[in-house]
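run_29.txt (compact mmCIF, C-alpha atoms)
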```txt
# COMPACT_ATOMS: atom_id res chain seq x y z
CA GLN A 1 32.14 28.50 -107.69
CA VAL A 2 31.23 31.03 -110.33
CA GLN A 3 33.48 31.96 -113.21
CA LEU A 4 32.88 34.85 -115.56
CA VAL A 5 34.81 35.13 -118.81
CA GLU A 6 34.53 38.22 -121.00
CA SER A 7 35.33 38.41 -124.67
CA GLY A 8 34.81 40.71 -127.61
CA GLY A 9 37.07 43.60 -126.75
CA GLY A 10 39.50 45.11 -129.20
CA LEU A 11 40.61 48.19 -131.06
CA VAL A 12 37.99 50.24 -132.85
CA GLN A 13 37.90 53.69 -134.41
CA ALA A 14 35.79 56.44 -132.95
CA GLY A 15 32.20 56.03 -134.04
CA GLY A 16 32.54 52.27 -134.27
CA SER A 17 30.80 49.48 -132.41
CA LEU A 18 31.74 46.49 -130.32
CA ARG A 19 29.79 43.68 -128.75
CA LEU A 20 31.15 42.31 -125.52
CA SER A 21 30.10 38.95 -124.18
CA CYS A 22 30.41 37.32 -120.80
CA ALA A 23 30.08 33.57 -120.31
CA ALA A 24 29.18 32.41 -116.83
CA SER A 25 29.61 29.05 -115.20
CA GLY A 26 27.28 27.77 -112.54
CA ARG A 27 23.69 26.65 -112.43
CA THR A 28 22.25 29.76 -110.77
CA PHE A 29 23.11 32.34 -113.43
CA ALA A 30 19.45 33.02 -114.15
CA ASP A 31 18.83 33.95 -110.50
CA TYR A 32 21.08 36.99 -110.53
CA THR A 33 21.20 40.50 -111.84
CA MET A 34 24.36 40.94 -113.90
CA GLY A 35 26.35 44.08 -114.44
CA TRP A 36 29.06 45.60 -116.60
CA VAL A 37 31.72 47.82 -115.06
CA ARG A 38 34.67 49.54 -116.70
CA GLN A 39 37.97 50.95 -115.60
CA ALA A 40 39.77 53.52 -117.68
CA PRO A 41 43.51 54.07 -117.31
CA GLY A 42 44.26 55.92 -114.11
CA LYS A 43 40.62 56.02 -113.03
CA GLU A 44 38.37 54.19 -110.63
CA ARG A 45 36.05 51.45 -111.79
CA GLU A 46 32.65 52.76 -112.77
CA PHE A 47 29.26 51.24 -113.35
CA VAL A 48 28.24 50.87 -116.98
CA ALA A 49 25.04 48.81 -117.15
CA ALA A 50 23.04 46.12 -115.42
CA ILE A 51 20.28 43.74 -116.38
CA ASN A 52 17.92 41.99 -114.01
CA TRP A 53 17.59 38.22 -113.71
CA SER A 54 14.81 37.87 -116.28
CA GLY A 55 16.31 40.28 -118.76
CA ASP A 56 13.26 42.52 -118.94
CA THR A 57 14.79 45.48 -117.11
CA ALA A 58 18.08 47.16 -117.89
CA TYR A 59 19.86 50.17 -116.47
CA TYR A 60 22.63 52.31 -117.89
CA ALA A 61 25.13 54.87 -116.70
CA ASP A 62 24.38 58.33 -118.06
CA SER A 63 27.68 58.34 -119.93
CA LEU A 64 26.59 55.42 -122.11
CA LYS A 65 22.82 55.76 -122.16
CA GLY A 66 21.54 55.63 -125.70
CA ARG A 67 24.79 54.16 -126.98
CA CYS A 68 24.73 50.71 -125.46
CA THR A 69 22.37 47.82 -124.90
CA VAL A 70 22.76 45.07 -122.33
CA SER A 71 21.10 41.71 -122.89
CA ARG A 72 21.25 38.19 -121.56
CA ASP A 73 20.51 34.64 -122.59
CA ASN A 74 19.80 32.56 -119.53
CA ALA A 75 19.67 29.36 -121.56
CA LYS A 76 23.28 29.94 -122.57
CA ASN A 77 24.48 31.60 -119.36
CA THR A 78 25.65 34.67 -121.21
CA VAL A 79 25.29 38.41 -120.84
CA SER A 80 26.24 40.85 -123.58
CA LEU A 81 26.93 44.53 -123.99
CA GLN A 82 26.45 46.10 -127.40
CA MET A 83 28.23 49.45 -127.61
CA ASN A 84 27.76 51.89 -130.47
CA SER A 85 29.17 55.30 -131.36
CA LEU A 86 32.24 54.57 -129.29
CA GLN A 87 34.47 57.47 -128.33
CA PRO A 88 38.09 57.59 -127.11
CA GLU A 89 36.84 58.23 -123.59
CA ASP A 90 35.20 54.80 -123.68
CA THR A 91 38.65 53.23 -123.70
CA ALA A 92 38.80 50.97 -120.65
CA VAL A 93 38.89 47.44 -119.40
CA TYR A 94 35.33 46.17 -119.27
CA TYR A 95 34.29 43.67 -116.64
CA CYS A 96 31.15 41.67 -116.15
CA ALA A 97 30.14 40.98 -112.59
CA ARG A 98 27.42 39.24 -110.65
CA TYR A 99 25.22 41.40 -108.45
CA SER A 100 24.73 39.95 -104.98
CA GLY A 101 22.94 42.77 -103.22
CA SER A 102 19.39 42.65 -101.95
CA ASN A 103 17.83 45.40 -104.05
CA TYR A 104 19.37 45.99 -107.44
CA ARG A 105 17.13 48.97 -108.14
CA THR A 106 18.85 50.97 -105.41
CA THR A 107 22.37 49.52 -105.21
CA MET A 108 23.28 48.22 -108.66
CA THR A 109 25.71 51.11 -109.19
CA ALA A 110 27.53 50.29 -105.97
CA LEU A 111 30.46 48.15 -107.01
CA GLU A 112 30.72 46.55 -103.58
CA SER A 113 27.38 44.89 -104.32
CA TYR A 114 29.01 42.62 -106.89
CA ASP A 115 30.60 39.42 -105.65
CA TYR A 116 32.07 37.69 -108.70
CA TRP A 117 34.03 39.41 -111.45
CA GLY A 118 35.53 38.38 -114.73
CA GLN A 119 39.09 39.10 -115.72
CA GLY A 120 38.05 41.92 -118.04
CA THR A 121 38.37 42.62 -121.73
CA GLN A 122 40.22 45.63 -123.15
CA VAL A 123 38.36 48.11 -125.33
CA THR A 124 40.47 50.72 -127.06
CA VAL A 125 38.88 53.46 -129.14
CA SER A 126 41.16 55.44 -131.40
CA SER A 127 40.40 58.98 -132.52
```
Go through the file and emit its structure as structure tokens.
Amino acid sequence: QVQLVESGGGLVQAGGSLRLSCAASGRTFADYTMGWVRQAPGKEREFVAAINWSGDTAYYADSLKGRCTVSRDNAKNTVSLQMNSLQPEDTAVYYCARYSGSNYRTTMTALESYDYWGQGTQVTVSS
């Protein structure tokens, strides 16, 4: 059984930064690509970022490219999302999730490719 627990959300002013963390249980964390997904009020969940198993390749949604950095520490079973220059439209619940598809390069933005999800952490950006 895999458990994912996010932390680090909160209230920040526009232009500010937050660092989200996700702690994973299980001995196979290092085998999987991990992703971040967010859901804004009244909207569908959307892909934010993903990082491959070794941590040497990361991908970002266009809406956050240049403003966030995803990283992982396989020794600690953690994946993080550093977000800068936050805007009110970044307000959402942010989830980390484990990618279980067969080719992350082509399907990492497909949310059905993720099998385990955390409970989410709220990020609120005030104007």
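Distance check against Tyr116 in chain A using only C-alpha atoms: of A:Val37, A:Leu11, A:Ala75, A:Val93, the minimum falls on A:Val37.
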If we count all atoms listed in the file and set the cut-off at 7 Å, which residues sit around range 46-48 of chain A, ignoring sequence neighbours fewer than 2 positions away in its own chain? Please answer as a compact mmCIF listing (two decimals) with C-alpha atoms, in the frame of the given file.
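Result file is selection29.txt:
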```txt
# COMPACT_ATOMS: atom_id res chain seq x y z
CA TRP A 36 29.06 45.60 -116.60
CA VAL A 37 31.72 47.82 -115.06
CA ARG A 38 34.67 49.54 -116.70
CA GLN A 39 37.97 50.95 -115.60
CA GLU A 44 38.37 54.19 -110.63
CA TYR A 60 22.63 52.31 -117.89
CA ALA A 61 25.13 54.87 -116.70
CA THR A 109 25.71 51.11 -109.19
```
> Looking at only C-alpha atoms, which of A:Glu89, A:Ser54, A:Gly15, A:Phe29 is the one that sits closest to Thr124 in chain A?
Replying inline: A:Glu89
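Nearest to Gln82 in chain A of all the residues A:Gln3, A:Tyr94, A:Ala110, A:Thr69 is A:Thr69, counting all atoms listed in the file.
Distance-wise, CA of Asn74 in chain A and CA of Thr57 in chain A end up 14.1 Å apart.
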> At what distance in Å, to one decimal, does CA of Leu81 in chain A lie from CA of Val123 in chain A?
Replying inline: 12.1 Å
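Taking only C-alpha atoms into account, Asp90 in chain A lies nearest to A:Ser127 out of the set A:Gln119, A:Ser127, A:Ser113, A:Thr107.
The nearest approach to Trp53 in chain A among the residues A:Lys76, A:Arg19, A:Lys65, A:Arg98, with only C-alpha atoms taken into account, belongs to A:Arg98.
With all atoms listed in the file as the atoms that count, the residue of A:Ile51, A:Val79, A:Ala23, A:Met34 with the shortest distance to Ser100 in chain A is A:Met34.
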> Around (20.5, 39.1, -111.8) in the file's own coordinates, what residues are found within 12 Å if you use all atoms listed in the file, given back as JSON, numbers by chain?
Replying inline: {"A": [28, 29, 30, 31, 32, 33, 34, 35, 36, 49, 50, 51, 52, 53, 54, 55, 56, 57, 58, 71, 72, 73, 74, 77, 78, 79, 96, 97, 98, 99, 100, 101, 102, 103, 104, 105, 108, 113, 114, 115]}
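Taking CA of Thr91 in chain A as the reference point, CA of Val2 in chain A is found at 27.0 Å.
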Specify the axis-aligned box that encloses all atoms of range 57-63 of chain A listed in the file after padding of 4 Å on each side, stating its centre and edge lengths in Å to one decimal as JSON.
```
{"center_x": 21.2, "center_y": 51.9, "center_z": -118.2, "size_x": 20.9, "size_y": 20.9, "size_z": 11.5}
```
